[in-house]
file final.pdb (PDB, C-alpha atoms)
ATOM      1  CA  MET S   1     -21.986 121.759  11.448
ATOM      2  CA  ASP S   2     -18.407 120.632  11.512
ATOM      3  CA  SER S   3     -19.113 118.291  14.438
ATOM      4  CA  ASP S   4     -22.091 116.755  12.654
ATOM      5  CA  LYS S   5     -20.025 116.234   9.596
ATOM      6  CA  GLY S   6     -17.313 114.555  11.629
ATOM      7  CA  ASN S   7     -19.791 112.252  13.311
ATOM      8  CA  PHE S   8     -21.221 111.203   9.965
ATOM      9  CA  THR S   9     -17.735 110.418   8.699
ATOM     10  CA  TRP S  10     -17.051 108.167  11.689
ATOM     11  CA  LEU S  11     -20.338 106.394  11.164
ATOM     12  CA  LEU S  12     -19.431 105.701   7.543
ATOM     13  CA  LEU S  13     -16.029 104.406   8.560
ATOM     14  CA  GLY S  14     -17.590 102.197  11.223
ATOM     15  CA  PHE S  15     -20.125 100.883   8.737
ATOM     16  CA  PHE S  16     -17.466 100.029   6.172
ATOM     17  CA  ALA S  17     -15.232  98.455   8.806
ATOM     18  CA  GLY S  18     -18.116  96.292  10.045
ATOM     19  CA  ALA S  19     -18.985  95.290   6.492
ATOM     20  CA  ILE S  20     -15.395  94.309   5.787
ATOM     21  CA  VAL S  21     -15.221  92.265   8.995
ATOM     22  CA  THR S  22     -18.505  90.532   8.122
ATOM     23  CA  VAL S  23     -17.298  89.664   4.606
ATOM     24  CA  VAL S  24     -14.019  88.296   5.972
ATOM     25  CA  ILE S  25     -15.875  86.146   8.506
ATOM     26  CA  MET S  26     -18.220  84.816   5.787
ATOM     27  CA  VAL S  27     -15.322  84.000   3.469
ATOM     28  CA  LEU S  28     -13.415  82.221   6.229
ATOM     29  CA  SER S  29     -16.489  80.277   7.270
ATOM     30  CA  ARG S  30     -17.029  79.020   3.711
ATOM     31  CA  ARG S  31     -13.517  77.638   3.225
ATOM     32  CA  ASP S  32     -13.389  73.825   2.896
ATOM     33  CA  ARG S  33     -12.314  72.071   5.993
ATOM     34  CA  PRO S  34      -9.527  69.517   5.453
ATOM     35  CA  ALA S  35     -10.786  65.953   5.266
ATOM     36  CA  PRO S  36     -10.028  63.987   8.401
ATOM     37  CA  ILE S  37      -7.123  61.553   8.111
ATOM     38  CA  VAL S  38      -8.353  57.973   8.525
ATOM     39  CA  ILE S  39      -5.744  55.368   9.398
ATOM     40  CA  THR S  40      -6.762  51.853   8.361
ATOM     41  CA  ALA S  41      -4.948  48.789   9.514
ATOM     42  CA  PRO S  42      -3.457  46.637   6.684
ATOM     43  CA  GLU S  43      -5.199  43.364   5.955
ATOM     44  CA  PRO S  44      -3.478  40.416   7.640
ATOM     45  CA  THR S  45      -1.281  38.377   5.339
ATOM     46  CA  ALA S  46      -2.381  34.764   5.096
ATOM     47  CA  ALA S  47       0.141  32.451   6.673
ATOM     48  CA  PRO S  48       1.648  29.972   4.197
ATOM     49  CA  GLU S  49       0.191  26.525   4.472
ATOM     50  CA  PRO S  50       2.612  24.084   6.044
ATOM     51  CA  THR S  51       3.980  21.636   3.541
ATOM     52  CA  SER S  52       4.261  18.082   4.742
ATOM     53  CA  THR S  53       6.859  15.818   3.241
ATOM     54  CA  PRO S  54       5.526  12.273   3.028
ATOM     55  CA  LEU S  55       7.541   9.820   5.039
ATOM     56  CA  PRO S  56       9.207   7.154   2.970
ATOM     57  CA  SER S  57       7.570   3.749   3.240
ATOM     58  CA  PRO S  58       9.576   1.319   5.331
ATOM     59  CA  THR S  59      11.718  -1.095   3.385
ATOM     60  CA  PRO S  60      10.933  -4.696   4.283
ATOM     61  CA  GLY S  61      13.807  -6.481   5.907
ATOM     62  CA  PRO S  62      15.455  -9.681   4.721
ATOM     63  CA  LEU S  63      13.948 -13.108   5.325
ATOM     64  CA  HIS S  64      15.861 -15.288   7.772
ATOM     65  CA  VAL S  65      15.557 -18.878   6.521
ATOM     66  CA  TYR S  66      17.169 -22.035   7.887
ATOM     67  CA  VAL S  67      18.142 -24.436   5.111
ATOM     68  CA  SER S  68      18.845 -27.979   6.320
ATOM     69  CA  GLY S  69      18.983 -31.525   5.043
ATOM     70  CA  GLU S  70      20.563 -32.638   1.790
ATOM     71  CA  VAL S  71      22.157 -29.336   0.760
ATOM     72  CA  LYS S  72      25.848 -28.596   0.430
ATOM     73  CA  ALA S  73      25.996 -25.839   3.068
ATOM     74  CA  PRO S  74      23.166 -26.050   5.660
ATOM     75  CA  ALA S  75      22.864 -22.783   7.584
ATOM     76  CA  VAL S  76      20.664 -19.768   8.271
ATOM     77  CA  TYR S  77      20.572 -17.425   5.282
ATOM     78  CA  ASP S  78      19.234 -13.919   4.714
ATOM     79  CA  LEU S  79      17.209 -13.674   1.520
ATOM     80  CA  PRO S  80      15.372 -10.694  -0.003
ATOM     81  CA  PRO S  81      11.568 -10.466   0.356
ATOM     82  CA  GLY S  82       9.729 -12.403  -2.333
ATOM     83  CA  SER S  83      12.315 -15.182  -2.481
ATOM     84  CA  LEU S  84      11.275 -18.768  -3.230
ATOM     85  CA  VAL S  85      12.329 -22.148  -1.852
ATOM     86  CA  GLN S  86      14.536 -22.544  -4.939
ATOM     87  CA  ASP S  87      16.423 -19.367  -3.926
ATOM     88  CA  ALA S  88      17.066 -20.777  -0.444
ATOM     89  CA  ILE S  89      18.409 -24.042  -1.893
ATOM     90  CA  ASN S  90      20.676 -22.121  -4.259
ATOM     91  CA  GLN S  91      21.944 -19.984  -1.382
ATOM     92  CA  ALA S  92      22.885 -23.170   0.479
ATOM     93  CA  GLY S  93      24.957 -24.405  -2.456
ATOM     94  CA  GLY S  94      22.318 -26.581  -4.079
ATOM     95  CA  PHE S  95      21.191 -30.151  -3.456
ATOM     96  CA  THR S  96      23.563 -32.980  -2.655
ATOM     97  CA  ALA S  97      23.587 -36.148  -4.742
ATOM     98  CA  ALA S  98      21.443 -37.883  -2.096
ATOM     99  CA  ALA S  99      18.596 -35.332  -2.259
ATOM    100  CA  ASP S 100      15.250 -35.838  -3.981
ATOM    101  CA  PRO S 101      14.277 -32.368  -5.315
ATOM    102  CA  SER S 102      10.841 -33.610  -6.383
ATOM    103  CA  LEU S 103       9.809 -33.783  -2.713
ATOM    104  CA  LEU S 104      10.030 -30.002  -2.353
ATOM    105  CA  ASN S 105       7.843 -27.317  -3.892
ATOM    106  CA  LEU S 106      10.641 -25.125  -5.191
ATOM    107  CA  ALA S 107       8.193 -22.439  -6.323
ATOM    108  CA  GLN S 108       6.735 -21.814  -2.850
ATOM    109  CA  PRO S 109       7.347 -18.311  -1.413
ATOM    110  CA  LEU S 110       9.466 -18.081   1.714
ATOM    111  CA  ALA S 111       8.506 -16.497   5.025
ATOM    112  CA  ASP S 112      10.676 -15.045   7.760
ATOM    113  CA  GLY S 113      11.795 -17.716  10.212
ATOM    114  CA  MET S 114      10.940 -20.629   7.893
ATOM    115  CA  GLN S 115      12.943 -23.848   7.797
ATOM    116  CA  VAL S 116      13.496 -25.451   4.403
ATOM    117  CA  HIS S 117      14.511 -29.100   4.771
ATOM    118  CA  ALA S 118      15.840 -30.829   1.682
ATOM    119  CA  PRO S 119      14.843 -34.503   2.052
ATOM    120  CA  ALA S 120      16.883 -37.411   0.842
ATOM    121  CA  ALA S 121      15.496 -39.930  -1.597
ATOM    122  CA  GLY S 122      12.945 -42.080   0.214
ATOM    123  CA  GLU S 123      12.694 -39.686   3.171
ATOM    124  CA  ALA S 124       9.256 -38.407   4.149
ATOM    125  CA  PRO S 125       9.255 -34.692   3.281
ATOM    126  CA  THR S 126       8.647 -32.057   5.938
ATOM    127  CA  PRO S 127       5.616 -29.986   4.818
ATOM    128  CA  LEU S 128       6.408 -26.302   4.538
ATOM    129  CA  PRO S 129       3.922 -23.780   5.961
ATOM    130  CA  ILE S 130       1.659 -22.269   3.330
ATOM    131  CA  THR S 131       2.680 -18.672   2.779
ATOM    132  CA  GLU S 132       0.920 -15.950   0.845
ATOM    133  CA  PRO S 133       2.567 -12.861  -0.636
ATOM    134  CA  GLU S 134       1.751  -9.725   1.329
ATOM    135  CA  ALA S 135      -0.594  -7.035  -0.003
ATOM    136  CA  THR S 136      -1.753  -9.056  -2.976
ATOM    137  CA  ALA S 137      -5.267  -9.698  -4.162
ATOM    138  CA  PRO S 138      -6.667 -13.202  -3.607
ATOM    139  CA  ALA S 139      -5.765 -15.569  -6.391
ATOM    140  CA  ALA S 140      -8.525 -16.044  -8.913
ATOM    141  CA  THR S 141     -10.133 -19.469  -8.690
ATOM    142  CA  THR S 142     -10.663 -21.661 -11.714
ATOM    143  CA  ALA S 143     -12.765 -24.733 -12.320
ATOM    144  CA  GLY S 144      -9.932 -26.866 -10.902
ATOM    145  CA  GLU S 145      -9.132 -24.721  -7.853
ATOM    146  CA  THR S 146     -11.008 -23.638  -4.752
ATOM    147  CA  ALA S 147      -9.531 -20.876  -2.567
ATOM    148  CA  GLY S 148      -6.059 -21.657  -3.944
ATOM    149  CA  LEU S 149      -6.342 -25.451  -3.479
ATOM    150  CA  VAL S 150      -6.406 -27.899  -6.382
ATOM    151  CA  ASN S 151      -9.743 -29.719  -6.521
ATOM    152  CA  LEU S 152      -9.023 -33.377  -7.289
ATOM    153  CA  ASN S 153     -12.488 -33.850  -8.785
ATOM    154  CA  THR S 154     -12.334 -31.041 -11.347
ATOM    155  CA  ALA S 155      -8.641 -30.256 -11.919
ATOM    156  CA  THR S 156      -7.166 -30.713 -15.370
ATOM    157  CA  VAL S 157      -3.979 -32.658 -16.087
ATOM    158  CA  GLU S 158      -2.081 -29.358 -16.321
ATOM    159  CA  GLU S 159      -3.361 -28.190 -12.925
ATOM    160  CA  LEU S 160      -2.493 -31.499 -11.278
ATOM    161  CA  ASP S 161       0.937 -31.392 -12.917
ATOM    162  CA  SER S 162       1.616 -28.107 -11.107
ATOM    163  CA  LEU S 163       1.591 -29.903  -7.725
ATOM    164  CA  PRO S 164       5.060 -30.676  -6.289
ATOM    165  CA  GLY S 165       6.219 -34.175  -7.153
ATOM    166  CA  ILE S 166       3.310 -34.780  -9.565
ATOM    167  CA  GLY S 167       4.455 -34.953 -13.150
ATOM    168  CA  PRO S 168       2.363 -35.391 -16.305
ATOM    169  CA  THR S 169       2.177 -39.197 -15.849
ATOM    170  CA  LEU S 170       0.846 -39.087 -12.284
ATOM    171  CA  ALA S 171      -1.502 -36.247 -13.209
ATOM    172  CA  GLN S 172      -2.996 -38.417 -15.965
ATOM    173  CA  ASN S 173      -3.234 -41.361 -13.520
ATOM    174  CA  ILE S 174      -5.295 -39.177 -11.162
ATOM    175  CA  VAL S 175      -7.673 -38.192 -13.952
ATOM    176  CA  ASP S 176      -7.989 -41.831 -15.131
ATOM    177  CA  TYR S 177      -8.718 -42.982 -11.580
ATOM    178  CA  ARG S 178     -11.334 -40.264 -11.141
ATOM    179  CA  GLU S 179     -13.067 -41.220 -14.385
ATOM    180  CA  SER S 180     -13.073 -44.964 -13.617
ATOM    181  CA  GLN S 181     -13.779 -44.936  -9.859
ATOM    182  CA  GLY S 182     -15.885 -41.788  -9.569
ATOM    183  CA  PRO S 183     -15.182 -38.555  -7.671
ATOM    184  CA  PHE S 184     -12.762 -38.536  -4.755
ATOM    185  CA  THR S 185     -14.536 -38.387  -1.410
ATOM    186  CA  THR S 186     -11.432 -37.561   0.684
ATOM    187  CA  ILE S 187      -8.001 -36.261  -0.169
ATOM    188  CA  GLU S 188      -6.470 -39.410   1.357
ATOM    189  CA  GLU S 189      -8.099 -41.450  -1.420
ATOM    190  CA  ILE S 190      -5.489 -40.097  -3.833
ATOM    191  CA  MET S 191      -3.061 -42.634  -2.372
ATOM    192  CA  ASN S 192      -5.086 -45.302  -4.220
ATOM    193  CA  VAL S 193      -3.843 -43.837  -7.502
ATOM    194  CA  PRO S 194      -0.932 -45.867  -8.926
ATOM    195  CA  GLY S 195       2.382 -44.157  -8.253
ATOM    196  CA  ILE S 196       1.169 -41.991  -5.344
ATOM    197  CA  GLY S 197       2.183 -43.261  -1.930
ATOM    198  CA  GLU S 198       2.255 -41.803   1.533
ATOM    199  CA  GLY S 199       5.387 -39.759   0.817
ATOM    200  CA  LYS S 200       3.881 -37.870  -2.109
ATOM    201  CA  PHE S 201       0.594 -37.476  -0.245
ATOM    202  CA  GLU S 202       2.412 -35.791   2.654
ATOM    203  CA  GLN S 203       3.989 -33.453   0.127
ATOM    204  CA  ILE S 204       0.728 -32.315  -1.494
ATOM    205  CA  LYS S 205      -1.938 -32.810   1.178
ATOM    206  CA  ASN S 206      -1.949 -29.112   2.096
ATOM    207  CA  LEU S 207      -2.426 -28.135  -1.552
ATOM    208  CA  ILE S 208      -5.393 -30.304  -2.561
ATOM    209  CA  THR S 209      -9.080 -30.539  -1.741
ATOM    210  CA  VAL S 210     -12.232 -32.383  -2.828
ATOM    211  CA  LYS S 211     -15.585 -30.767  -3.600
TER     212      LYS S 211
END
call {"tool": "encode", "arguments": {"input": "final.pdb", "output": "structure tokens"}}
result
Amino acid sequence: MDSDKGNFTWLLLGFFAGAIVTVVIMVLSRRDRPAPIVITAPEPTAAPEPTSTPLPSPTPGPLHVYVSGEVKAPAVYDLPPGSLVQDAINQAGGFTAAADPSLLNLAQPLADGMQVHAPAAGEAPTPLPITEPEATAPAATTAGETAGLVNLNTATVEELDSLPGIGPTLAQNIVDYRESQGPFTTIEEIMNVPGIGEGKFEQIKNLITVK
């Protein structure tokens, strides 16, 4: 009897021990597992856009102009861009007493390497090359002008007066001749106008046209 009772006691102890072990295993199995650590690479930082500094526009150099003839100090002079024939004459000390300023277009723009010859009274003038200012829009044409040239057949007295060596009197003579003789057929015909000879024609022939 005592041995049976002892065996029963050991069975109960074994049963309780197994139950405890089972409960412990179940509790441990239900514990939350730690979340896995995920390492993410940082987003790349955008590189700063390169800043470009605009290059300064080149400064135009001086104009080298040879002033000769009836001026007080003939020589080669450096003048700023945009200078006129009048500026070149002034740089050379002005006209001498023997010069005829009316034979030069003092308002004409200069160009690099140009020669400005101041003629004496009675001397045939040396025509200057026609220059145009850089980077400018074409000059607007009027009823008296075609592509920058003065049209002898339509120009007004004021437009004719703007020609070098042609004052108000000669401008009116041109208009009177045109009205009495009809339109000019050639630019050379202007030499038939009283007061306009070969010298003045040479001075303005590159500035006039007929249409």
call {"tool": "atom_distance", "arguments": {"input": "final.pdb", "atom1": "atom CA of S:Glu123", "atom2": "atom CA of S:Thr156"}}
result
28.6 Å
call {"tool": "residues_near_point", "arguments": {"input": "final.pdb", "point": "(22.5, -29.5, 3.6)", "cutoff": "10 Å", "atoms": "all atoms listed in the file", "output": "ChimeraX atom specification"}}
result
/S:67-75,89,92-96,99,116-119
call {"tool": "closest_residue", "arguments": {"input": "final.pdb", "among": "S:Gly167, S:Gly182, S:Pro81, S:Gly148", "to": "S:Asn206", "atoms": "all atoms listed in the file"}}
result
S:Gly148
call {"tool": "residues_around", "arguments": {"input": "final.pdb", "residues": "S:Gly122", "least_positions_apart": "2", "cutoff": "8 Å", "atoms": "only C-alpha atoms", "output": "MDAnalysis selection string"}}
result
chainID S and resid 100 120 124 199
call {"tool": "resolve_selection", "arguments": {"input": "final.pdb", "expression": "the PyMOL selection byres ((chain S and resi 191) around 12)", "output": "PyMOL selection string"}}
result
chain S and resi 170+173-174+177+184+186-190+192-205
call {"tool": "atom_distance", "arguments": {"input": "final.pdb", "atom1": "atom CA of S:Leu110", "atom2": "atom CA of S:Pro80"}}
result
9.6 Å
call {"tool": "residues_around", "arguments": {"input": "final.pdb", "residues": "S:Leu160", "least_positions_apart": "6", "cutoff": "9 Å", "atoms": "only C-alpha atoms", "output": "PDB file with C-alpha atoms, in the coordinates of the input"}}
result
ATOM      1  CA  GLY S 144      -9.932 -26.866 -10.902  1.00  0.00           C
ATOM      2  CA  VAL S 150      -6.406 -27.899  -6.382  1.00  0.00           C
ATOM      3  CA  ASN S 151      -9.743 -29.719  -6.521  1.00  0.00           C
ATOM      4  CA  LEU S 152      -9.023 -33.377  -7.289  1.00  0.00           C
ATOM      5  CA  ILE S 166       3.310 -34.780  -9.565  1.00  0.00           C
ATOM      6  CA  GLY S 167       4.455 -34.953 -13.150  1.00  0.00           C
ATOM      7  CA  PRO S 168       2.363 -35.391 -16.305  1.00  0.00           C
ATOM      8  CA  LEU S 170       0.846 -39.087 -12.284  1.00  0.00           C
ATOM      9  CA  ALA S 171      -1.502 -36.247 -13.209  1.00  0.00           C
ATOM     10  CA  GLN S 172      -2.996 -38.417 -15.965  1.00  0.00           C
ATOM     11  CA  ILE S 174      -5.295 -39.177 -11.162  1.00  0.00           C
ATOM     12  CA  VAL S 175      -7.673 -38.192 -13.952  1.00  0.00           C
TER      13      VAL S 175
END
call {"tool": "atom_distance", "arguments": {"input": "final.pdb", "atom1": "atom CA of S:Gln115", "atom2": "atom CA of S:Val65"}}
result
5.8 Å
call {"tool": "closest_residue", "arguments": {"input": "final.pdb", "among": "S:Leu163, S:Val21, S:Ile208, S:Leu103", "to": "S:Leu149", "atoms": "all atoms listed in the file"}}
result
S:Ile208
call {"tool": "closest_residue", "arguments": {"input": "final.pdb", "among": "S:Ser102, S:Tyr66, S:Pro60, S:Gly165", "to": "S:Gly82", "atoms": "only C-alpha atoms"}}
result
S:Pro60
call {"tool": "closest_residue", "arguments": {"input": "final.pdb", "among": "S:Val76, S:Leu207, S:Ala17, S:Ile25", "to": "S:Met114", "atoms": "all atoms listed in the file"}}
result
S:Val76
